[in-house]
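A short worksheet on the structure shown next.
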Protein chains: 2
Amino acid sequence: MEWLTIGEVATRSGVATSALRFYETKGLISSERTDGNQRRYPRATLRRVALIRAGQEVGLSLAELAGALEQLPHDKTPTKSDWERLSNAWRTRLDTQIAELVALRDELTDCIGCGCLSLKSCAIFNPGDAASGLGTGPRYLLGDSRDAAAAEG
Amino acid sequence: MEWLTIGEVATRSGVATSALRFYETKGLISSERTDGNQRRYPRATLRRVALIRAGQEVGLSLAELAGALEQLPHDKTPTKSDWERLSNAWRTRLDTQIAELVALRDELTDCIGCGCLSLKSCAIFNPGDAASGLGTGPRYLLGDSRDAAAAEG
DNA sequence: GCGAAACTTCAAGTTAACTTCATAGGAAGC
DNA sequence: GCTTCCTATGAAGTTAACTTGAAGTTTCGC
């Protein structure tokens, strides 16, 4: 098997070495060590990293990706069915996200028509749970107590 | 004019008092003080807060919202044209986000068909800039150096 | 006019996904 | 064998959007 240094993986994947080490601490990728304690990655790591980046594009967190990648072999190329399973799941996720955003946009479009100065009946201003799966960030901090009546006229 | 305590605004808007204070430090809302140094908010603050939450649903950051809200009066109900301007801008933004996600999904669907085990020609694995406007989080940390050739067979 | 509930400020903690830095050891070319 | 680049580790910093906690002050109902 051919082994790659962390620098080589970084160059060829476009991911910084610091990120690769970080991924390793999270169990997303793994490596062997040389006698001098340096990491050596199997070639399949390139695919794993590519999968990670692709998953992130789809909006997955590293924690979620760790779960998905657990099922893939660390040191071999994933099979077609491995990839089909993942990509189907990700497409479903994208479909959901798209549907949520479309719903939000449609509500907003309605609001423009109505002027929406009353707010009471406006779906945008009294959100249910649309678009809740967006973004990796501190969005988890929202959505806890947004059910109280939002505002009035 | 009728003034509301921070607790009243919190209850009626569904936003925690700590968040309201935080918004105030960011200039998103403003208040007067009583003799005892307690905040009193004008009623229009309820609308402002509702607008903030709505904007967040659309994926805007507080910094962006601060810019948008600068144009609105702090102590009066925004006019219909104020709201039309904002909601049009937000709808445009949603349209863009949706288009990006749809593009990503379509690419992914193609990939399922092709098995995509070569990765070289796969749009998902060699992303351009689709879906770059997603999420508030540390997504700014990505996208700096993703142009290097992603992986190979 | 008393006690409880609400309010004040400020500092520090939280989460994700990394980066940056300091310090030190390894690998490779000539 | 020397120099230079690469790599290792661990701690701390970054960003957004808040929350939590501590320690003290106001306000309100009765």
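By convention in this document, the chains of the structure tokens carry letters A, B, ... by their order, each chain's residues are numbered from 1, and ligands are numbered from 1 in the order they are shown.
All chain D residues having an atom within 7 Å of chain A, based on only C-alpha atoms (C1' of nucleotides), amount to DT7, DA16, DA17 and DC18 of chain D.
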(request) Tell me, in Å to one decimal, how far atom CA of A:Ile52 is from atom CA of A:Ile98. (result) 20.9 Å
Please, which residues in chain C fall within 8 Å of chain B when counting only C-alpha atoms (C1' of nucleotides), and what is the closest atom pair and distance in Å to one decimal for each, ordered by chain then residue number, as JSON lines?
```
{"residue": "C:DA6", "atom": "C1'", "partner": "B:Gly7", "partner_atom": "CA", "distance": 7.7}
{"residue": "C:DC7", "atom": "C1'", "partner": "B:Gln38", "partner_atom": "CA", "distance": 6.4}
{"residue": "C:DT8", "atom": "C1'", "partner": "B:Gln38", "partner_atom": "CA", "distance": 7.1}
{"residue": "C:DA16", "atom": "C1'", "partner": "B:Pro138", "partner_atom": "CA", "distance": 6.7}
{"residue": "C:DA17", "atom": "C1'", "partner": "B:Pro138", "partner_atom": "CA", "distance": 6.2}
{"residue": "C:DC18", "atom": "C1'", "partner": "B:Leu141", "partner_atom": "CA", "distance": 6.9}
```
Writer output for current selection, C-alpha atoms (C1' of nucleotides), as a PDB file, in the first residue's frame:
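The resulting file, part-v7.pdb, is shown below:
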```pdb
ATOM      1  C1'  DA C   6     -37.741  41.524  38.209  1.00  0.00           C
ATOM      2  C1'  DC C   7     -33.983  44.150  36.896  1.00  0.00           C
ATOM      3  C1'  DT C   8     -28.825  45.747  36.621  1.00  0.00           C
ATOM      4  C1'  DA C  16     -18.580  23.989  15.814  1.00  0.00           C
ATOM      5  C1'  DA C  17     -14.719  23.745  13.118  1.00  0.00           C
ATOM      6  C1'  DC C  18     -10.832  25.009  12.758  1.00  0.00           C
TER       7       DC C  18
END
```
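If only C-alpha atoms are the atoms counted, then among B:Leu62, B:Leu20, B:Leu4, B:Ala54 the closest residue to chain A is B:Ala54.
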Near-B:Ala68 list (8 Å; only C-alpha atoms (C1' of nucleotides); drop same-chain fewer than 4 positions) as a CSV table (one decimal) with N, CA and C atoms, in the first residue's frame:
```
chain,number,residue,atom,x,y,z
B,64,GLU,N,-25.7,41.6,9.6
B,64,GLU,CA,-26.4,42.0,8.4
B,64,GLU,C,-27.7,42.7,8.8
B,72,LEU,N,-34.7,51.5,9.5
B,72,LEU,CA,-36.0,51.6,10.1
B,72,LEU,C,-36.0,52.5,11.4
B,86,LEU,N,-37.4,45.4,2.7
B,86,LEU,CA,-36.8,44.3,3.4
B,86,LEU,C,-37.2,43.0,2.9
```
(message) I want to know what sits within 12 Å of B:Ser30, based on only C-alpha atoms (C1' of nucleotides), with residues of the same chain fewer than 6 positions away left out; could you give that as a PyMOL selection string?
(response) chain B and resi 4+6+20-24+39-46+48-49+66+69-70+73-75
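Closest approach to chain A among B:Arg47, B:Ala103, B:Ala63, B:Glu8: B:Arg47, based on only C-alpha atoms.
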(request) Go through A:Ala89, A:Met1, A:Ala50, A:Ile29 and flag the residue nearest chain B, using only C-alpha atoms for the distances. (result) A:Ala50
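Running DSSP on the backbone gives strand (DSSP E) for these residues within stretch 36-111 of chain B: Arg39, Arg40, Tyr41 and Pro42 of chain B.
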Keeping C-alpha atoms for every residue in the selection just given, could you write it to a file as a PDB file, in the first residue's frame?
```pdb
ATOM      1  CA  ARG B  39     -34.684  49.585  30.440  1.00  0.00           C
ATOM      2  CA  ARG B  40     -37.991  50.659  28.934  1.00  0.00           C
ATOM      3  CA  TYR B  41     -38.657  49.749  25.325  1.00  0.00           C
ATOM      4  CA  PRO B  42     -41.035  51.465  22.935  1.00  0.00           C
TER       5      PRO B  42
END
```
(message) Residues near D:DC28, anyone? I mean within 10 Å using only C-alpha atoms (C1' of nucleotides), not counting same-chain ones fewer than 2 positions away, as an MDAnalysis selection string.
(response) (chainID C and resid 4:6) or (chainID D and resid 26 30)
Filtering to N, CA and C atoms (P, O5', C5', C4', C3', O3' and C1' of nucleotides), could you give me those residues as an mmCIF file, in the first residue's frame?
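Just written: out06.cif:
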```cif
data_model
loop_
_atom_site.group_PDB
_atom_site.id
_atom_site.type_symbol
_atom_site.label_atom_id
_atom_site.label_comp_id
_atom_site.auth_asym_id
_atom_site.auth_seq_id
_atom_site.Cartn_x
_atom_site.Cartn_y
_atom_site.Cartn_z
ATOM 1 P P DA C 4 -39.318 36.503 50.712
ATOM 2 O "O5'" DA C 4 -39.974 36.228 49.287
ATOM 3 C "C5'" DA C 4 -41.368 36.491 49.096
ATOM 4 C "C4'" DA C 4 -41.612 36.934 47.658
ATOM 5 C "C3'" DA C 4 -40.762 36.181 46.634
ATOM 6 O "O3'" DA C 4 -41.572 35.898 45.504
ATOM 7 C "C1'" DA C 4 -40.377 38.508 46.428
ATOM 8 P P DA C 5 -41.029 34.895 44.371
ATOM 9 O "O5'" DA C 5 -41.124 35.809 43.063
ATOM 10 C "C5'" DA C 5 -42.223 36.698 42.898
ATOM 11 C "C4'" DA C 5 -41.857 37.786 41.903
ATOM 12 C "C3'" DA C 5 -41.093 37.265 40.679
ATOM 13 O "O3'" DA C 5 -41.642 37.888 39.527
ATOM 14 C "C1'" DA C 5 -39.870 38.992 41.706
ATOM 15 P P DA C 6 -41.095 37.500 38.072
ATOM 16 O "O5'" DA C 6 -40.275 38.821 37.665
ATOM 17 C "C5'" DA C 6 -40.932 40.085 37.747
ATOM 18 C "C4'" DA C 6 -39.909 41.182 37.520
ATOM 19 C "C3'" DA C 6 -38.993 40.949 36.309
ATOM 20 O "O3'" DA C 6 -39.010 42.128 35.505
ATOM 21 C "C1'" DA C 6 -37.741 41.524 38.209
ATOM 22 P P DT D 26 -30.980 51.430 42.929
ATOM 23 O "O5'" DT D 26 -32.309 51.168 42.052
ATOM 24 C "C5'" DT D 26 -32.675 49.840 41.794
ATOM 25 C "C4'" DT D 26 -33.864 49.763 40.866
ATOM 26 C "C3'" DT D 26 -35.068 50.641 41.192
ATOM 27 O "O3'" DT D 26 -35.802 50.802 39.992
ATOM 28 C "C1'" DT D 26 -35.567 48.369 41.725
ATOM 29 P P DC D 30 -51.648 41.744 45.235
ATOM 30 O "O5'" DC D 30 -51.345 41.892 46.772
ATOM 31 C "C5'" DC D 30 -50.449 40.980 47.425
ATOM 32 C "C4'" DC D 30 -50.237 41.413 48.864
ATOM 33 C "C3'" DC D 30 -51.522 41.730 49.621
ATOM 34 O "O3'" DC D 30 -51.408 41.252 50.955
ATOM 35 C "C1'" DC D 30 -50.099 43.579 49.703
#
```
